[in-house]
Each structure stands twice: as C-alpha cells, then as structure tokens.
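Taking it in order: structure first as structure tokens, then the write-up.
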Amino acid sequence: MGAILLKPFNPGGHAAYQERVLTQLRKYYPDAVSSLPASTWDILEKFWALDLSELDSLMQDRYSVFGPAPRLPSDMLRSLLLSVEFKVSSYTKWAADLKENHLHAILSGFFIGDTPGTGTFYDFLGRLWLSDKDNFSDPAHPPKEKPKKPDKKGGKAPSVEKVTVKDLFQQFEAAPPTDMEPCRLLYDIFKVLFLEHSVQDGLIDLLSLSLAGDGTPVYTAAQERKKRSCDCLEKGIHDCKCNRIYSQPDCDIGWDSHRDRYYFGYDLYMLTAADSKNDLPVFPFLSPASRHDSIGFLYNWFSMKPFLPEAVVTKLLLDSAHDAMPYYEYCRNHGIVPFIDLNADRGRPPVYKDDFTINHDGVPVCREGHVMRRDGTEPAKGRTKFKCPKISFAVGSVTCTCENPCSTAKYGRTIHLVLKDNPRLFNDPPRSSKEWKREYNARTSAERCNKREKVDYKLEDGRYRSSKMWYCRLFAIMMCQHLDAWDLPKTPRLKDVL
C-alpha cells in the first residue's frame with residue numbers, strides 16, 4: 001500500500017480561512033459588531049486581510065509525508081503573530097488562551113474545540129529553524145571577557161573584540177559570516193510575505209535604499225547562568241579559565257550605556273529603512289551583549305547581503321560608534337554615501353594647509369577662528385570648495401571685513417578639501433550643510449524601530465534560553481511592524497461583511 005501524502009495542503013487558500021472566520025464569528029459572536037472594542041476590531045481587520053496562504057507552499061519541505069496530518073503553517077504563523085499583537089509571550093499561556101478565548105482561536109484560523117497545544121507550537125518553531133542546534137555557540141566554552149566600564153556616564157564600553165574593524169571588512173568581503181544560516185527560512189518568510197508587500201505598497205524602495213543602523217541591549221536573564229566542568233574549585237583555584245557550561249551560550253555580559261549598568265543578554269543590531277515614514281525593519285542580528293556596535297554592524301551588513309542581494313543601498317546613516325576610516329573607504333568603493341557622526345575622541349588633523357584647522361563638522365577654520373563658508377562641490381575633481389566668510393558684497397563692491405585678512409585675493413582665501421585625502425572628515429555634502437543634517441536626522445528611525453520592538457511589542461518579555469526562540473520571536477515582531485504599516489485592504493472589511 002502506498003504512503004499517504006500528509007504534507008500541508010490548503011486548496012482553499014486565504015478565502016477558506018476567511019470563510020472559517022465568518023462562519024464561527026456568526027455562530028459564537030452574533031453581536032460582534034457592537035460588542036467588541038475598537039482596538040480589537042483594528043486587529044481583526046488586519047488579520048482578516050492578511051493572506052498567509054503562500055506559506056503553506058513555502059514550508060512543504062519542512063514536513064514529512066508520514067505521520068499525522070499537520071496543521072496548516074499559515075494558521076500556525078497567524079496564531080503566533082496574534083500572540084505578539086495581544087502581548088502574550090509564553091506559548092504555554094497562549095495555547096491555554098486559545099482554548100478559553102474563542103475569538104483568538106477563530107482569528108487564528110482554528111475551529112473551536114480543536115486548537116493546538118503547547119507542543120504543536122514548539123514543533124512549528126522547530127520547523128522554522130534550519131539547524132539541529134538551538135544556539136550558534138557550543139554550551140561549553142571558556143569564560144568571556146567582561147567589557148570595561150566606560151570612563152564617562154552615558155559612554156559606550158570599549159570593544160572586547162580581538163579583531164579590528166579593518167580586518168573584519170577584509171575578512172567578510174572574502175567570506176561573509178554564516179551565523180544567520182539557521183534563520184534563512186525565517187527571513188524568506190519575512191521577505192516574501194511582508195518585506196516585498198511593503199515594497200509593492202511603496203513604503204520601501206529596495207533599488208535605492210537608505211539604511212539606518214543601531215544596536216540596543218536585549219535583557220534575557222537577570223544573571224549569567226553557568227556551571228563548572230572542572231574540579232579546580234575543589235583544588236582551591238577560583239579564577240580558572242577552564243570551560244564553563246552555559247545555559248545561554250550565545251549571550252554574555254555587556255554594558256548598557258542608557259541605564260549605565262551591566263546586563264546579560266544580546267545586543268540587537270537592526271538595519272532599518274531610514275526613508276520609510278513607518279521606521280520599517282529590514283534585517284536583524286543578535287550579537288553577544290559585549291559586542292561593540294561597530295563590529296555588530298559588520299556582522300549584520302555582510303549577513304544581509306546574501307539574504308537580500310537585490311537591495312541597492314545608496315546611503316548609510318550611523319552614529320559616532322561607527323566613526324572609523326574603514327567605513328568611509330568601504331562606502332566610497334561601493335558607491336554608498338555615508339552619513340556618520342564624528343567621534344570627538346577619534347581626533348582630527350589639528351592643522352590643515354599650514355594655517356587652517358578642521359572643526360568637528362570637517363569644515364576649515366581660518367587662523368582668526370572663522371568657520372569657512374561652503375561654496376559648492378566639484379564632483380569631477382572630487383573636492384569641495386570653501387571661501388572666506390568675512391567677504392561682504394555691500395553696495396555692489398567686494399570687500400573683506402576681517403581685521404587680519406589671510407589673503408589679498410578679491411574674494412578672500414579659498415580652500416579646496418580633496419575628499420579622497422580624508423573621506424572621514426571631508427564629506428559631500430559636508431557635515432555643516434543643511435543637506436547632511438537633514439539626511440542624518442533620519443538615523444533616529446533605527447532607534448524608533450528598536451523602541452517599537454522592545455517597548456510596544458515587549459520583545460524582552462520572552463524568557464527563552466536559546467537563540468532559536470529569540471529569533472522566532474524577533475521575526476514575528478518584525479512581521480507585525482510591517483503589517484501595522486499597511487493600509488486597510490481594498491476588499492470588503494470584516495465588519496462590513498458581518
């Protein structure tokens with residue numbers, strides 16, 4: 001007797017889901033239009049219009065032809081997204097909620113009295129994760145170095161990495177990191193069902209993408225949990241470097257510059273579409289908490305490129321933690337315009353052209369302390385021109401009003417900054433220009449995106465021990481962020497149909 005095909009099968013597609021919802025709402029909630037609050041209707045309308053039927057085809061390879069008939073992946077994912085919307089972070093509690101709250105079960109796509117248990121949710125999450133291991137790191141490894149507390153309040157902790165930014169650029173250009181490979185299916189689902197939908201709606205332009213990047217602490221536990229794998233303690237050796245067995249091997253101790261304290265967990269580095277008014281996420285990366293943002297960006301950026309090869313990034317908006325020469329050189333070589341805030345501690349040439357200095361915006365300052373006036377850019381020559389700010393054009397004549405002129409030229413002293421001489425300091429547009437400030441102001445989109453994930457969607461409420469679970473929750477939140485940005489469907493609304 002031949003094997004029975006028991007892979008997910010959804011011949012009715014999204015229309016079948018809508019019919020299930022309508023039939024059960026009319027039976028169990030006959031007065032739903034008048035009795036349910038407006039906030040609940042907002043969620044009902046979003047999920048009524050959310051077509052996830054393509055997921056049933058995307059996940060065919062993750063199911064066997066043997067065993068009991070599986071639940072539809074589209075219903076399982078929809079239910080996970082609903083748990084995010086209703087702020088339920090425990091899958092055990094959510095499974096119990098589906099049995100008690102008929103509205104949540106109906107909207108998920110399940111029949112009343114036939115909802116999945118906790119084990120079914122964990123089994124589905126396992127199918128989303130393309131690895132036999134739940135973490136990237138081996139649970140047994142030597143103790144990691146704790147970052148040093150910064151010298152000033154609100155400052156970033158120095159990097160504990162043993163590799164430089166320049167070395168990592170060279171290493172990753174030759175061989176990108178493979179850390180995100182277990183997340184490939186998760187990202188494909190996010191990309192096909194959500195990111196591309198936002199692109200079609202005009203919320204993101206992948207062919208001319210302005211990306212803002214920022215890292216944020218993610219607290220996963222109150223303290224580091226580990227146990228010794230040696231007998232050094234019995235021998236009186238308290239600070240041995242032998243392996244410890246960690247319950248969360250991908251996490252470590254980092255410094256939270258906002259709260260001015262140490263914490264245990266991840267550093268979430270998120271790349272956000274800066275030119276989207278909805279602050280939409282594009283690509284995430286969970287690094288150990290001790291990793292510096294300048295390193296976290298590189299892991300994120302070079303992981304994203306093979307996952308999203310069609311994206312054409314034209315601008316990068318980053319804070320002063322990324323102010324390192326390799327960033328500017330990389331951007332110049334790849335046609336990207338960098339908008340990176342200067343880090344005052346990194347220094348700048350004290351003297352330029354013998355008698356001029358460069359200020360914190362990369363603009364010449366004359367020997368009398370006057371900031372030079374920008375007078376255009378010459379792209380063909382790769383330079384920006386600055387002129388004396390004390391020149392007056394009153395009453396049709398040109399005069400220099402400086403008490404100690406540094407030039408006898410009619411229009412005063414002119415300085416040309418050759419961009420390739422120092423791409424870190426000499427930008428086009430210059431940091432002093434309105435164009436630069438307007439573009440750089442969009443960098444806060446990354447901060448708002450992180451805030452949405454951590455505060456509005458309560459990312460840190462998930463008390464998980466594995467990177468698999470944290471990434472599944474993070475991607476579900478990112479999907480909800482895109483869903484929130486979409487307009488209501490053109491098809492009839494659920495309330496109108498009821």
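Chain identifiers are assigned as A, B, and so on, following the order in which chains appear in the structure tokens; residues are numbered from 1 within each chain, and ligands are numbered from 1 in order of appearance.
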ask   = Could you pull out all residues of stretch 255-369 of chain A with a DSSP call of helix (DSSP H, G or I) and give them as number ranges by chain?
value = A: 293-307, 320-322, 325-333, 344-346
Excluding A:Tyr330 and residues on its chain fewer than 5 positions from it, collect all residues at most 10 Å away from it, counting only C-alpha atoms, and give them as a PDB file with N, CA and C atoms, in the first residue's frame.
```pdb
ATOM      1  N   LYS A 166      38.933  47.087  10.379  1.00  0.00           N
ATOM      2  CA  LYS A 166      39.562  46.925   9.062  1.00  0.00           C
ATOM      3  C   LYS A 166      39.742  45.449   8.718  1.00  0.00           C
ATOM      4  N   PHE A 169      36.330  43.897   7.823  1.00  0.00           N
ATOM      5  CA  PHE A 169      35.893  44.275   6.484  1.00  0.00           C
ATOM      6  C   PHE A 169      36.540  43.356   5.448  1.00  0.00           C
ATOM      7  N   GLN A 170      37.835  43.175   5.564  1.00  0.00           N
ATOM      8  CA  GLN A 170      38.546  42.329   4.613  1.00  0.00           C
ATOM      9  C   GLN A 170      38.108  40.870   4.720  1.00  0.00           C
ATOM     10  N   MET A 325      37.792  54.942   9.825  1.00  0.00           N
ATOM     11  CA  MET A 325      38.163  55.141   8.428  1.00  0.00           C
ATOM     12  C   MET A 325      37.741  53.998   7.509  1.00  0.00           C
ATOM     13  N   GLY A 335      30.045  52.903  -3.792  1.00  0.00           N
ATOM     14  CA  GLY A 335      29.037  53.862  -4.231  1.00  0.00           C
ATOM     15  C   GLY A 335      27.977  54.184  -3.204  1.00  0.00           C
ATOM     16  N   ILE A 336      28.336  54.139  -1.928  1.00  0.00           N
ATOM     17  CA  ILE A 336      27.400  54.444  -0.846  1.00  0.00           C
ATOM     18  C   ILE A 336      27.800  55.778  -0.214  1.00  0.00           C
ATOM     19  N   PRO A 338      28.064  57.866   2.980  1.00  0.00           N
ATOM     20  CA  PRO A 338      27.988  57.659   4.434  1.00  0.00           C
ATOM     21  C   PRO A 338      27.551  58.930   5.161  1.00  0.00           C
TER      22      PRO A 338
END
```
message = Which residues are near stretch 90-95 of chain A? Cut-off 10 Å, only C-alpha atoms, ignore same chain within fewer than 5 positions. Put them as an MDAnalysis selection string.
response = chainID A and resid 79:80 82:84 100:101 104:105 115:122 461:464
query = So what do you get for atom CA of A:Asn422 versus atom CA of A:Cys406, distance-wise?
reply =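 One can read the atom CA of A:Asn422 to atom CA of A:Cys406 distance as 24.3 Å.
Proximity ranking of A:Lys277, A:His360, A:Arg291, A:Lys133 relative to A:Glu161 places A:Arg291 first, based on only C-alpha atoms.
Within the 9 Å cut-off around stretch 108-111 of chain A, using only C-alpha atoms and omitting residues fewer than 4 positions from it on the same chain, the listed residues are Tyr17, Gln18, Arg20, Val21, Gln24, Phe47, Ser74, Asp75, Met76, Leu77, Arg78, Ser79, Leu80, Leu81, Leu82, Leu98, His102, Leu103, His104, Thr115 and Pro116 of chain A.
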task = Work out how far apart atom CA of A:Met180 and atom CA of A:Ser303 are and give it in Å to one decimal.
result =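 Separation of atom CA of A:Met180 and atom CA of A:Ser303: 6.7 Å.
Between A:Val165 and the candidates A:Thr384, A:Asn333, A:Ser276, A:Ser294, the tightest atom-to-atom separation, counting only C-alpha atoms, involves A:Ser294.
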Please provide the set of residues having any atom within 8 Å of A:Ser159, restricted to only C-alpha atoms, with same-chain residues fewer than 4 positions apart removed, written as an mmCIF file with N, CA and C atoms, in the first residue's frame.
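What follows is the written file part_27.cif:
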```
data_model
loop_
_atom_site.group_PDB
_atom_site.id
_atom_site.type_symbol
_atom_site.label_atom_id
_atom_site.label_comp_id
_atom_site.auth_asym_id
_atom_site.auth_seq_id
_atom_site.Cartn_x
_atom_site.Cartn_y
_atom_site.Cartn_z
ATOM 1 N N PRO A 147 33.287 43.507 29.406
ATOM 2 C CA PRO A 147 33.732 44.830 28.939
ATOM 3 C C PRO A 147 34.030 45.764 30.105
ATOM 4 N N SER A 290 28.382 41.903 24.759
ATOM 5 C CA SER A 290 29.659 42.611 24.867
ATOM 6 C C SER A 290 30.154 43.168 23.538
ATOM 7 N N ARG A 291 29.512 42.809 22.440
ATOM 8 C CA ARG A 291 29.998 43.227 21.120
ATOM 9 C C ARG A 291 29.721 44.703 20.878
ATOM 10 N N HIS A 292 30.733 45.416 20.397
ATOM 11 C CA HIS A 292 30.610 46.838 20.093
ATOM 12 C C HIS A 292 29.777 47.027 18.830
#
```
query = When you draw a straight line from atom CA of A:Ala409 to atom CA of A:Phe386, how long is it in Å?
reply = 14.0 Å
message = When you look at A:Glu224 with a cut-off of 9 Å (counting only C-alpha atoms), what residues show up, excluding the ones that are within fewer than 6 positions of it in the same chain? I need them as a ChimeraX atom specification.
response = /A:246-248,251-253,264-265
Would you put the residues from that selection into a file with C-alpha atoms, as a PDB file, in the first residue's frame?
```pdb
ATOM      1  CA  TYR A 246      26.338  27.971  29.830  1.00  0.00           C
ATOM      2  CA  SER A 247      22.553  27.753  29.625  1.00  0.00           C
ATOM      3  CA  GLN A 248      22.538  30.657  27.130  1.00  0.00           C
ATOM      4  CA  CYS A 251      24.665  35.623  25.384  1.00  0.00           C
ATOM      5  CA  ASP A 252      27.192  37.310  27.653  1.00  0.00           C
ATOM      6  CA  ILE A 253      27.627  40.378  29.844  1.00  0.00           C
ATOM      7  CA  PHE A 264      23.213  39.869  30.499  1.00  0.00           C
ATOM      8  CA  GLY A 265      21.799  39.065  27.082  1.00  0.00           C
TER       9      GLY A 265
END
```
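Between A:Ile189 and the candidates A:Phe172, A:Tyr269, A:Phe307, A:Tyr440, the tightest atom-to-atom separation, counting only C-alpha atoms, involves A:Phe307.
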ask   = Quick one: residues within 8 Å of stretch 226-243 of chain A, only C-alpha atoms counted, chain neighbours fewer than 6 positions away excluded, as an NGL selection string?
value = :A and (140-143)
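The nearest approach to A:Leu25 among the residues A:Val218, A:Val497, A:Cys402, A:Leu209, with only C-alpha atoms taken into account, belongs to A:Val497.
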ask   = From the set A:Thr414, A:Thr220, A:Thr401, A:Thr408, which residue has the shortest atom-to-atom contact distance to A:Lys385, counting only C-alpha atoms?
value =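 Of A:Thr414, A:Thr220, A:Thr401, A:Thr408, the one nearest A:Lys385, counting only C-alpha atoms, is A:Thr414.
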task = Using backbone DSSP assignments, extract all strand (DSSP E) residues from stretch 219-391 of chain A; output them as a PyMOL selection string.
result = chain A and resi 219-221+226-228+244-246+252-256+261-273+281-288+313-318+337-340+357-358+364-365+373-378+383-387+391
query = Which of these residues is nearest to A:Asp205, using only C-alpha atoms: A:Ile245, A:Val192, A:Leu186, A:Ala274?
reply =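 So, comparing all the options, the nearest one is A:Ala274.
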